[in-house]
Every structure is written in C-alpha cells, then in structure tokens.
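One file, final.csv, is given below (CSV, C-alpha atoms (C1' of nucleotides)).
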chain,number,residue,atom,x,y,z
S,1,MET,CA,-22.2,-35.3,-30.9
S,2,THR,CA,-24.7,-32.9,-29.2
S,3,GLU,CA,-25.8,-33.6,-25.7
S,4,ALA,CA,-27.8,-31.9,-23.1
S,5,VAL,CA,-25.5,-30.0,-20.7
S,6,ALA,CA,-26.2,-27.5,-18.0
S,7,ARG,CA,-26.6,-24.2,-19.8
S,8,VAL,CA,-24.4,-21.5,-18.3
S,9,GLY,CA,-25.8,-18.0,-19.1
S,10,VAL,CA,-24.7,-14.5,-18.3
S,11,ASP,CA,-26.8,-14.6,-15.2
S,12,GLU,CA,-25.0,-17.5,-13.6
S,13,LEU,CA,-21.7,-15.7,-14.2
S,14,VAL,CA,-22.9,-12.3,-13.0
S,15,ASP,CA,-24.5,-13.8,-10.0
S,16,GLY,CA,-21.3,-15.7,-9.2
S,17,LEU,CA,-19.5,-12.4,-9.0
S,18,ARG,CA,-22.3,-10.7,-7.0
S,19,SER,CA,-22.4,-13.5,-4.5
S,20,GLN,CA,-18.8,-12.7,-3.6
S,21,GLY,CA,-19.6,-9.1,-3.0
S,22,LEU,CA,-17.9,-8.1,-6.2
S,23,ARG,CA,-19.2,-5.3,-8.3
S,24,ILE,CA,-21.0,-5.6,-11.6
S,25,THR,CA,-19.6,-3.2,-14.1
S,26,GLY,CA,-20.2,-2.7,-17.8
S,27,ALA,CA,-16.9,-4.4,-18.6
S,28,ARG,CA,-17.6,-7.4,-16.5
S,29,ARG,CA,-21.1,-7.8,-17.8
S,30,ALA,CA,-19.7,-7.7,-21.4
S,31,ILE,CA,-17.0,-10.2,-20.6
S,32,CYS,CA,-19.5,-12.6,-18.9
S,33,ALA,CA,-21.9,-12.2,-21.9
S,34,VAL,CA,-19.1,-13.1,-24.3
S,35,LEU,CA,-18.2,-16.2,-22.3
S,36,ALA,CA,-21.8,-17.2,-21.9
S,37,GLU,CA,-22.3,-17.0,-25.7
S,38,SER,CA,-19.1,-18.9,-26.3
S,39,ARG,CA,-20.7,-22.1,-25.0
S,40,GLY,CA,-17.4,-23.6,-24.1
S,41,GLU,CA,-15.4,-22.3,-27.1
S,42,HIS,CA,-11.8,-21.8,-26.3
S,43,LEU,CA,-11.0,-18.1,-26.3
S,44,THR,CA,-7.8,-16.3,-25.9
S,45,ALA,CA,-7.8,-13.1,-23.8
S,46,ALA,CA,-7.4,-11.2,-27.0
S,47,ALA,CA,-10.5,-12.8,-28.5
S,48,ILE,CA,-12.6,-12.1,-25.4
S,49,HIS,CA,-11.3,-8.5,-25.5
S,50,GLN,CA,-12.4,-8.0,-29.1
S,51,ARG,CA,-15.8,-9.5,-28.7
S,52,ALA,CA,-16.5,-7.7,-25.4
S,53,VAL,CA,-15.6,-4.4,-27.0
S,54,ALA,CA,-17.7,-5.2,-30.1
S,55,ARG,CA,-20.8,-6.2,-28.1
S,56,SER,CA,-20.6,-3.3,-25.6
S,57,GLY,CA,-19.5,-0.6,-28.0
S,58,VAL,CA,-17.4,0.8,-25.1
S,59,PRO,CA,-13.6,0.5,-25.2
S,60,ILE,CA,-12.3,-1.9,-22.5
S,61,ASN,CA,-8.7,-2.1,-21.5
S,62,ALA,CA,-6.8,-5.4,-21.9
S,63,SER,CA,-5.8,-5.4,-18.3
S,64,THR,CA,-9.4,-5.4,-17.3
S,65,ILE,CA,-9.9,-8.6,-19.4
S,66,TYR,CA,-7.1,-10.3,-17.6
S,67,ARG,CA,-8.2,-9.2,-14.2
S,68,THR,CA,-11.8,-10.3,-14.8
S,69,ILE,CA,-10.6,-13.7,-16.1
S,70,GLU,CA,-8.6,-14.1,-13.0
S,71,VAL,CA,-11.6,-13.4,-10.8
S,72,LEU,CA,-13.8,-15.8,-12.7
S,73,GLN,CA,-11.2,-18.4,-12.6
S,74,VAL,CA,-10.8,-18.2,-8.8
S,75,LEU,CA,-14.6,-18.7,-8.6
S,76,SER,CA,-14.2,-21.8,-10.8
S,77,LEU,CA,-16.5,-20.3,-13.4
S,78,VAL,CA,-13.9,-20.5,-16.1
S,79,ARG,CA,-10.8,-22.5,-16.6
S,80,TYR,CA,-7.5,-21.8,-18.3
S,81,ALA,CA,-5.8,-24.3,-20.7
S,82,HIS,CA,-2.4,-24.1,-22.2
S,83,LEU,CA,-2.5,-25.8,-25.5
S,84,GLY,CA,1.0,-25.8,-27.0
S,85,HIS,CA,2.7,-22.5,-27.7
S,86,GLY,CA,0.9,-19.3,-28.0
S,87,PRO,CA,-1.5,-17.5,-25.7
S,88,ALA,CA,-3.5,-19.3,-23.0
S,89,VAL,CA,-7.1,-20.1,-23.8
S,90,VAL,CA,-10.1,-19.7,-21.4
S,91,HIS,CA,-13.3,-21.6,-21.5
S,92,LEU,CA,-16.5,-21.8,-19.5
S,93,VAL,CA,-16.8,-24.6,-16.9
S,94,GLN,CA,-20.2,-25.8,-18.0
S,95,ASP,CA,-20.4,-29.5,-18.2
S,96,GLY,CA,-18.2,-30.8,-15.4
S,97,GLY,CA,-15.2,-30.1,-17.4
S,98,HIS,CA,-13.9,-31.4,-20.7
S,99,HIS,CA,-10.6,-31.9,-22.4
S,100,HIS,CA,-9.1,-31.1,-25.7
S,101,LEU,CA,-8.4,-32.7,-29.1
S,102,VAL,CA,-6.0,-30.3,-30.7
S,103,CYS,CA,-5.3,-30.6,-34.4
S,104,GLU,CA,-1.7,-29.9,-35.1
S,105,ILE,CA,-2.4,-28.9,-38.7
S,106,CYS,CA,-5.4,-26.5,-38.5
S,107,GLY,CA,-5.1,-25.8,-34.8
S,108,ARG,CA,-8.8,-26.2,-34.1
S,109,THR,CA,-9.8,-27.9,-30.9
S,110,GLU,CA,-12.6,-30.2,-30.2
S,111,ASP,CA,-14.0,-31.2,-26.8
S,112,LEU,CA,-13.4,-34.6,-25.3
S,113,PRO,CA,-16.1,-35.4,-22.7
S,114,ALA,CA,-14.5,-35.3,-19.2
S,115,ALA,CA,-16.5,-38.2,-17.8
S,116,ASP,CA,-15.0,-40.8,-20.0
S,117,VAL,CA,-11.4,-39.6,-19.5
S,118,ARG,CA,-11.7,-39.0,-15.9
S,119,ALA,CA,-12.4,-42.5,-14.8
S,120,ALA,CA,-9.4,-43.9,-16.6
S,121,LEU,CA,-7.0,-41.3,-15.3
S,122,ARG,CA,-8.3,-41.1,-11.8
S,123,GLU,CA,-7.4,-44.6,-11.1
S,124,LEU,CA,-3.9,-44.0,-12.5
S,125,ALA,CA,-3.4,-40.9,-10.5
S,126,GLU,CA,-4.5,-42.5,-7.3
S,127,ARG,CA,-2.1,-45.3,-7.9
S,128,HIS,CA,0.5,-42.6,-7.6
S,129,HIS,CA,-1.0,-41.3,-4.3
S,130,PHE,CA,-2.2,-38.2,-6.1
S,131,VAL,CA,-5.5,-36.5,-5.7
S,132,PRO,CA,-6.7,-35.2,-9.0
S,133,ALA,CA,-8.3,-31.8,-8.9
S,134,THR,CA,-8.4,-30.2,-12.3
S,135,LEU,CA,-7.8,-32.5,-15.2
S,136,HIS,CA,-6.1,-30.8,-18.0
S,137,VAL,CA,-5.8,-33.1,-20.9
S,138,SER,CA,-4.7,-32.3,-24.5
S,139,VAL,CA,-4.5,-34.9,-27.2
S,140,ILE,CA,-2.6,-33.5,-30.1
S,141,GLY,CA,-3.1,-35.1,-33.5
S,142,ILE,CA,-4.7,-34.7,-36.8
S,143,CYS,CA,-8.4,-34.0,-37.2
S,144,ALA,CA,-10.8,-35.7,-39.6
S,145,GLU,CA,-11.0,-32.7,-41.9
S,146,CYS,CA,-7.2,-32.2,-42.2
S,147,ARG,CA,-6.7,-35.9,-42.8
S,148,ALA,CA,-9.3,-35.9,-45.6
S,149,ALA,CA,-7.5,-32.8,-47.1
S,150,GLY,CA,-4.3,-34.8,-47.2
F,151,MET,CA,8.3,-46.8,-8.7
F,152,THR,CA,11.6,-47.4,-10.5
F,153,GLU,CA,11.5,-49.3,-13.7
F,154,ALA,CA,14.0,-50.2,-16.4
F,155,VAL,CA,13.7,-47.8,-19.3
F,156,ALA,CA,15.8,-47.3,-22.4
F,157,ARG,CA,18.6,-45.1,-21.2
F,158,VAL,CA,19.1,-42.0,-23.4
F,159,GLY,CA,22.7,-40.7,-23.2
F,160,VAL,CA,24.5,-37.8,-24.7
F,161,ASP,CA,25.6,-40.0,-27.6
F,162,GLU,CA,22.1,-40.8,-28.7
F,163,LEU,CA,21.3,-37.1,-28.8
F,164,VAL,CA,24.5,-36.0,-30.5
F,165,ASP,CA,24.2,-38.8,-33.0
F,166,GLY,CA,20.6,-37.7,-33.7
F,167,LEU,CA,21.9,-34.3,-34.6
F,168,ARG,CA,24.8,-35.7,-36.6
F,169,SER,CA,22.5,-38.0,-38.6
F,170,GLN,CA,20.7,-35.0,-39.9
F,171,GLY,CA,23.9,-33.5,-41.1
F,172,LEU,CA,23.8,-30.9,-38.3
F,173,ARG,CA,26.9,-29.7,-36.7
F,174,ILE,CA,28.1,-30.6,-33.3
F,175,THR,CA,29.2,-27.5,-31.4
F,176,GLY,CA,30.3,-27.0,-27.8
F,177,ALA,CA,27.0,-25.4,-27.0
F,178,ARG,CA,25.0,-28.3,-28.5
F,179,ARG,CA,27.1,-30.9,-26.8
F,180,ALA,CA,26.6,-29.2,-23.4
F,181,ILE,CA,22.8,-28.9,-23.9
F,182,CYS,CA,22.6,-32.6,-24.9
F,183,ALA,CA,24.6,-33.6,-21.9
F,184,VAL,CA,22.3,-31.6,-19.6
F,185,LEU,CA,19.3,-33.3,-21.1
F,186,ALA,CA,20.9,-36.7,-20.9
F,187,GLU,CA,21.7,-36.2,-17.2
F,188,SER,CA,18.2,-34.9,-16.5
F,189,ARG,CA,16.7,-38.4,-17.1
F,190,GLY,CA,13.4,-37.1,-18.0
F,191,GLU,CA,13.3,-34.2,-15.5
F,192,HIS,CA,11.2,-31.3,-16.6
F,193,LEU,CA,13.5,-28.3,-17.4
F,194,THR,CA,12.7,-24.8,-18.4
F,195,ALA,CA,14.8,-23.2,-21.1
F,196,ALA,CA,16.4,-21.1,-18.3
F,197,ALA,CA,17.3,-24.2,-16.3
F,198,ILE,CA,18.9,-25.9,-19.3
F,199,HIS,CA,20.8,-22.6,-19.9
F,200,GLN,CA,22.1,-22.4,-16.4
F,201,ARG,CA,23.2,-26.0,-16.3
F,202,ALA,CA,24.8,-26.0,-19.7
F,203,VAL,CA,26.8,-22.9,-18.8
F,204,ALA,CA,27.8,-24.4,-15.5
F,205,ARG,CA,28.9,-27.7,-17.0
F,206,SER,CA,30.8,-26.2,-20.0
F,207,GLY,CA,32.3,-23.2,-18.3
F,208,VAL,CA,31.7,-21.3,-21.5
F,209,PRO,CA,29.0,-18.7,-21.7
F,210,ILE,CA,26.1,-19.7,-24.0
F,211,ASN,CA,23.5,-17.3,-25.3
F,212,ALA,CA,19.9,-17.9,-24.4
F,213,SER,CA,18.8,-17.9,-28.1
F,214,THR,CA,21.2,-20.8,-28.7
F,215,ILE,CA,19.3,-22.7,-26.1
F,216,TYR,CA,16.0,-22.1,-27.7
F,217,ARG,CA,17.3,-22.8,-31.2
F,218,THR,CA,18.8,-26.1,-30.0
F,219,ILE,CA,15.7,-27.2,-28.2
F,220,GLU,CA,13.8,-26.5,-31.4
F,221,VAL,CA,16.1,-28.7,-33.4
F,222,LEU,CA,15.9,-31.6,-30.9
F,223,GLN,CA,12.2,-31.2,-30.7
F,224,VAL,CA,11.8,-31.6,-34.5
F,225,LEU,CA,13.9,-34.7,-34.3
F,226,SER,CA,11.5,-36.0,-31.6
F,227,LEU,CA,14.3,-36.3,-29.1
F,228,VAL,CA,12.8,-33.9,-26.6
F,229,ARG,CA,9.2,-32.7,-26.1
F,230,TYR,CA,7.7,-29.6,-24.9
F,231,ALA,CA,5.0,-29.5,-22.2
F,232,HIS,CA,3.0,-26.4,-21.1
F,233,LEU,CA,2.0,-27.0,-17.5
F,234,GLY,CA,-0.1,-24.2,-16.4
F,235,HIS,CA,1.2,-20.6,-16.4
F,236,GLY,CA,4.9,-19.9,-16.5
F,237,PRO,CA,7.6,-21.0,-18.9
F,238,ALA,CA,7.3,-24.1,-21.0
F,239,VAL,CA,9.2,-27.2,-19.9
F,240,VAL,CA,11.2,-29.6,-21.9
F,241,HIS,CA,12.0,-33.2,-21.3
F,242,LEU,CA,13.7,-36.1,-22.9
F,243,VAL,CA,11.7,-38.6,-24.9
F,244,GLN,CA,13.1,-41.7,-23.3
F,245,ASP,CA,10.4,-44.2,-22.5
F,246,GLY,CA,8.0,-43.9,-25.3
F,247,GLY,CA,6.6,-40.7,-23.7
F,248,HIS,CA,4.9,-40.0,-20.5
F,249,HIS,CA,2.5,-37.6,-19.0
F,250,HIS,CA,2.3,-35.4,-16.0
F,251,LEU,CA,1.0,-35.3,-12.5
F,252,VAL,CA,1.3,-31.7,-11.5
F,253,CYS,CA,0.9,-30.7,-7.8
F,254,GLU,CA,-1.0,-27.5,-7.6
F,255,ILE,CA,0.5,-26.8,-4.2
F,256,CYS,CA,4.2,-27.5,-4.4
F,257,GLY,CA,4.3,-27.4,-8.2
F,258,ARG,CA,6.3,-30.5,-8.5
F,259,THR,CA,5.6,-32.9,-11.4
F,260,GLU,CA,5.6,-36.6,-11.4
F,261,ASP,CA,5.6,-38.8,-14.5
F,262,LEU,CA,2.6,-40.8,-15.5
F,263,PRO,CA,3.6,-43.8,-17.7
F,264,ALA,CA,2.3,-43.2,-21.2
F,265,ALA,CA,1.4,-46.7,-22.1
F,266,ASP,CA,-1.4,-46.9,-19.5
F,267,VAL,CA,-2.8,-43.6,-20.5
F,268,ARG,CA,-2.5,-44.0,-24.2
F,269,ALA,CA,-4.8,-47.0,-24.6
F,270,ALA,CA,-7.7,-45.3,-22.8
F,271,LEU,CA,-7.3,-42.0,-24.7
F,272,ARG,CA,-6.6,-43.5,-28.1
F,273,GLU,CA,-9.9,-45.2,-28.2
F,274,LEU,CA,-11.7,-41.9,-27.2
F,275,ALA,CA,-9.8,-39.9,-29.8
F,276,GLU,CA,-10.6,-42.4,-32.6
F,277,ARG,CA,-14.2,-42.2,-31.7
F,278,HIS,CA,-13.9,-38.6,-32.6
F,279,HIS,CA,-12.2,-39.4,-35.9
F,280,PHE,CA,-9.1,-38.0,-34.6
F,281,VAL,CA,-5.6,-39.4,-35.1
F,282,PRO,CA,-3.5,-38.9,-32.0
F,283,ALA,CA,0.1,-37.9,-32.5
F,284,THR,CA,1.5,-36.5,-29.4
F,285,LEU,CA,-0.3,-37.0,-26.2
F,286,HIS,CA,0.0,-34.1,-23.8
F,287,VAL,CA,-1.7,-35.0,-20.6
F,288,SER,CA,-1.5,-33.1,-17.4
F,289,VAL,CA,-3.4,-34.2,-14.3
F,290,ILE,CA,-3.4,-31.3,-11.8
F,291,GLY,CA,-4.1,-32.1,-8.2
F,292,ILE,CA,-2.4,-32.5,-4.8
F,293,CYS,CA,0.6,-34.8,-4.3
F,294,ALA,CA,0.9,-37.2,-1.5
F,295,GLU,CA,3.5,-35.1,0.3
F,296,CYS,CA,1.5,-31.9,0.3
F,297,ARG,CA,-1.6,-33.7,1.4
F,298,ALA,CA,0.3,-35.2,4.3
F,299,ALA,CA,1.5,-31.7,5.2
F,300,GLY,CA,-2.1,-30.6,5.4
M,301,DA,C1',-19.2,8.3,0.9
M,302,DT,C1',-16.0,4.6,0.1
M,303,DG,C1',-13.2,1.4,-1.7
M,304,DT,C1',-13.4,-1.6,-5.7
M,305,DG,C1',-12.7,-1.6,-10.5
M,306,DT,C1',-10.8,0.8,-14.4
M,307,DG,C1',-7.7,3.0,-17.8
M,308,DC,C1',-3.3,4.1,-18.9
M,309,DA,C1',1.4,3.4,-19.3
M,310,DA,C1',5.2,1.1,-18.2
M,311,DA,C1',7.4,-2.9,-16.8
M,312,DG,C1',8.1,-7.9,-16.9
M,313,DC,C1',9.0,-12.4,-18.6
M,314,DA,C1',9.6,-15.9,-22.2
M,315,DT,C1',10.7,-16.3,-26.6
M,316,DT,C1',11.9,-15.0,-31.5
M,317,DT,C1',14.5,-12.7,-35.0
M,318,DG,C1',18.0,-10.0,-38.0
M,319,DC,C1',22.5,-9.5,-38.8
M,320,DA,C1',27.5,-10.0,-38.8
M,321,DG,C1',31.2,-12.8,-37.6
M,322,DC,C1',33.0,-17.5,-36.3
M,323,DC,C1',33.9,-22.3,-36.5
M,324,DA,C1',32.7,-27.3,-37.7
M,325,DG,C1',32.8,-30.0,-41.6
J,326,DC,C1',36.4,-22.7,-47.7
J,327,DT,C1',31.7,-22.1,-46.8
J,328,DG,C1',27.4,-22.4,-44.8
J,329,DG,C1',25.5,-23.6,-40.6
J,330,DC,C1',25.7,-21.9,-35.8
J,331,DT,C1',26.4,-18.4,-32.5
J,332,DG,C1',26.3,-14.0,-30.0
J,333,DC,C1',24.4,-9.8,-29.5
J,334,DA,C1',20.8,-6.7,-29.3
J,335,DA,C1',16.6,-5.4,-30.4
J,336,DA,C1',11.8,-6.7,-31.1
J,337,DT,C1',7.9,-9.3,-30.2
J,338,DG,C1',3.9,-11.2,-27.8
J,339,DC,C1',1.4,-12.1,-23.7
J,340,DT,C1',0.6,-10.8,-19.2
J,341,DT,C1',1.2,-8.2,-14.9
J,342,DT,C1',1.5,-4.1,-12.1
J,343,DG,C1',1.5,0.8,-10.0
J,344,DC,C1',-1.0,4.7,-9.7
J,345,DA,C1',-4.7,8.1,-10.0
J,346,DC,C1',-9.4,8.6,-11.1
J,347,DA,C1',-14.2,6.9,-11.7
J,348,DC,C1',-18.3,4.6,-10.5
J,349,DA,C1',-21.1,0.7,-8.3
J,350,DT,C1',-22.8,-0.1,-4.0
Is it possible to express this structure as structure tokens?
Amino acid sequence: MTEAVARVGVDELVDGLRSQGLRITGARRAICAVLAESRGEHLTAAAIHQRAVARSGVPINASTIYRTIEVLQVLSLVRYAHLGHGPAVVHLVQDGGHHHLVCEICGRTEDLPAADVRAALRELAERHHFVPATLHVSVIGICAECRAAG
Amino acid sequence: MTEAVARVGVDELVDGLRSQGLRITGARRAICAVLAESRGEHLTAAAIHQRAVARSGVPINASTIYRTIEVLQVLSLVRYAHLGHGPAVVHLVQDGGHHHLVCEICGRTEDLPAADVRAALRELAERHHFVPATLHVSVIGICAECRAAG
DNA sequence: ATGTGTGCAAAGCATTTGCAGCCAG
DNA sequence: CTGGCTGCAAATGCTTTGCACACAT
C-alpha cells in the first residue's frame, strides 16, 4: 500500500518557479505549500484556494489560484485530471504519475500506480501509431468500503 | 483498423426509450438519429444540438439536448467522457465500450478497443479491492499525423 | 525602477433548473 | 385526458480575462 516515492516539498515547487525567472509571492508560496502537503491528493481549485487562505491568513483571489495552477502545470509540476462531471482536480506529479480509481458511490479516489498501467497501454497506443505523453486513466467503479456498506 | 461491430441504429435507441415507457418525440428521434449516424464519434452537446436541428429542420432547445443525453446515459445507451478541458463529449455505446487516444496537438481522438484494455486494468483494480464499472481511459499523446507534420 | 503578479469585477462557457404550456400516449 | 416533455429564461458553477495597482526582483 505504502511505498517509497520521491518526496516533493515546497522547495522543489518554489525552485521550479524560480528557475523560470518567475517571482515568488506570498500567494504562490502558500499554493505550493498546500500542494506539497497534499502528497498527491486530488484537489479542486476551490479546495486549494480554501487551504491556501487558511494557511497564509491572507486573502487570495480565486483567479490567482487558477493562474498559478496554470503555471505549475506548464512546468509539469502538477497535473490536471477530469474525473467525471464537476470541477477539474489537480495533483502533484510526484511519482512518475499515477491514475485513478474513482468510486461512483462515495466519489473518493484512490491512486493506481502508473508503472503497471503504463506498460499495458503503451503497447496498445503504439499499435495505433500513437506516442503516449500523459496518461490519464480513470477507472470508475465501487470501492471496497461502499461495497461492504451495501 | 475497421472491424465488424454490432451496429447501433436509430431503432435500438428509440426502442430503448420506449421500453422504459418514455415518450418518443420529434426532438428525441432527431437526437437518436444523430447519435446513430455518428457511429461512435465523440460529440459535444453543442454538436449534437446543431446536427439534430439541421436534420429535423425544427428548432430544439439546448436543455432538451442535455435532458435527452441524460436519459440515454442512464439507460447505458450513450456514455460521457471528459477529455481534458472543454465541454464533455458523448458517444454511443456500441462495441462493448472503448477508450480514447487523444492527440494533444490536433485534439482529435481515436478509439482504443475496450476489450484489450479492460483485462489489464481489471486485474489492477481488483488488486485494490475495487469493482470496475465504467472504464474511462484517455491516453493523451501525439498522433501519427501530427508527428509526421513535425 | 520595471514589469510581473495580484485583486477586483465582469464576462464567458457549459450545464442545470423552475415554471407554464404542449403533445404523445 | 393527463403527465411527461419541451421551450424559455434565468440561475448556477467553474474558469477566464481586462485593467489598474502593488510588490518582488
């Protein structure tokens, strides 16, 4: 269940921004901290917003959240996923990527290690003369807990 | 590339609605016809709307499109997919399901036969005590054509 | 100093909803 | 007839954008 993965901290994210000549502001630091603490949790922009405000004390505008996510995403530090209806979710790129088990009852998501999935799909994709870049995989079903609950 | 799949026509869709005691209206018939003609193409609600109006001549309200998609989706006759940003796309369930190769350059999608993918992922999901229902898989990358174009 | 990042407010787009009337059954 | 379906219009939810000011560098 638990495995050793490359830990991504605030510093990696902040340094990523700095390395591009981008400026480190309070808002950006807070957002990076929230993402670093999330450890790969799937957060909506709204959730990131809430937490960033809570941790920094300072009000941050929603557009700043979106603009910062956009920047981090271009730097491949975070990734978007669109899991069914509702807002998009963002997660750290910390373990070479992973995919999603989405429970259609409770809505919780669980990670599916990328390495296992990748091999199977890459072969398929190449058979279609397609070069896979980002893998976005969502398996929607019923999680153990909800099944137990009936 | 081409393979024989169970053909889904207007009748299957209309009969699906009728079998649930739902009413067959002009709008619904037009929408079903558009979907049947799409042969698994991925259509946004807006695209379905346009085509349905064009083919029936009668104006149809956008909300009717959404409400009809919803009904068809509950009957498992069509399926939603959320491929990156932008509007959701809908496609016929005609071959036991399929998944998506999405080109990040031209945006076109190609189908990935479900059967091949399913086996690999099902095992993974079950290892996580997860019962897969709908598989939603998108492999994002670069298609043969765009790669050739540089 | 300088121009990048921010807040604010407004617009944008996809989708949903309430309600009154219409039409398929 | 009668309730399910539709149109209309307004509301909603998420995200983007234009502009003027602030602050990191």
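For chain S, the residues no farther than 10 Å from chain M when using all atoms listed in the file are Leu22, Arg23, Ile24, Thr25, Ala27, Arg28, Pro59, Ile60, Asn61, Ala62, Ser63, Thr64, Arg67 and Thr68 of chain S.
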- Message: Within 10 Å of chain F, which residues belong to chain J? Use only C-alpha atoms (C1' of nucleotides) and report them as a list of chain:residue names.
- Response: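 So the contacting residues turn out to be J:DG329, J:DC330, J:DT331, J:DG332, J:DC333.
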- Could you state the separation of atom CA of Ala33 of chain S and atom CA of Gly21 of chain S in Å, given to one decimal place?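 Going from atom CA of Ala33 of chain S over to atom CA of Gly21 of chain S, I get 19.3 Å.
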- Message: I need the residue nearest chain F from this list: S:Leu83, S:Leu35, S:His91, S:Gln73. Use all atoms listed in the file for the distance.
- Response: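 Once distances to chain F are computed over all atoms listed in the file, the minimum belongs to S:Leu83.
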- Task: Find the distance between atom CA of Arg189 of chain F and atom CA of His85 of chain S and write it in Å to one decimal.
- Result: 23.7 Å
- atom CA of Ala195 of chain F to atom CA of Val239 of chain F: how many Å, to one decimal?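 So the answer is 7.0 Å.
You can rank F:Arg168, F:Arg229, F:His279, F:Arg201 by their closest distance to chain S using all atoms listed in the file, and at the top of that list sits F:His279.
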- So, counting all atoms listed in the file, which residue among F:Ser226, F:Thr259, F:Ser206, F:Gln170 is closest to chain S?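 Checking each of F:Ser226, F:Thr259, F:Ser206, F:Gln170 against chain S, counting all atoms listed in the file, the winner is F:Thr259.
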- Task: For Pro87 of chain S, work out the shell of residues within 9 Å, counting all atoms listed in the file and skipping chain neighbours fewer than 5 positions away, then give it as a list in words.
- Result: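 Non-adjacent residues within range: Thr44, Ala45, Ala46 and His82 of chain S; DG338 and DC339 of chain J.
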- Message: When you look at Ala180 of chain F with a cut-off of 10 Å (counting all atoms listed in the file), what residues show up, excluding the ones that are within fewer than 6 positions of it in the same chain? I need them as an MDAnalysis selection string.
- Response: chainID F and resid 160 186 198:199 201:208 210
- Find the spatial neighbours of Val78 of chain S, counting only C-alpha atoms (C1' of nucleotides), within a cut-off of 12 Å - ignore same-chain residues fewer than 4 positions away - and output them as a count of residues only. 32
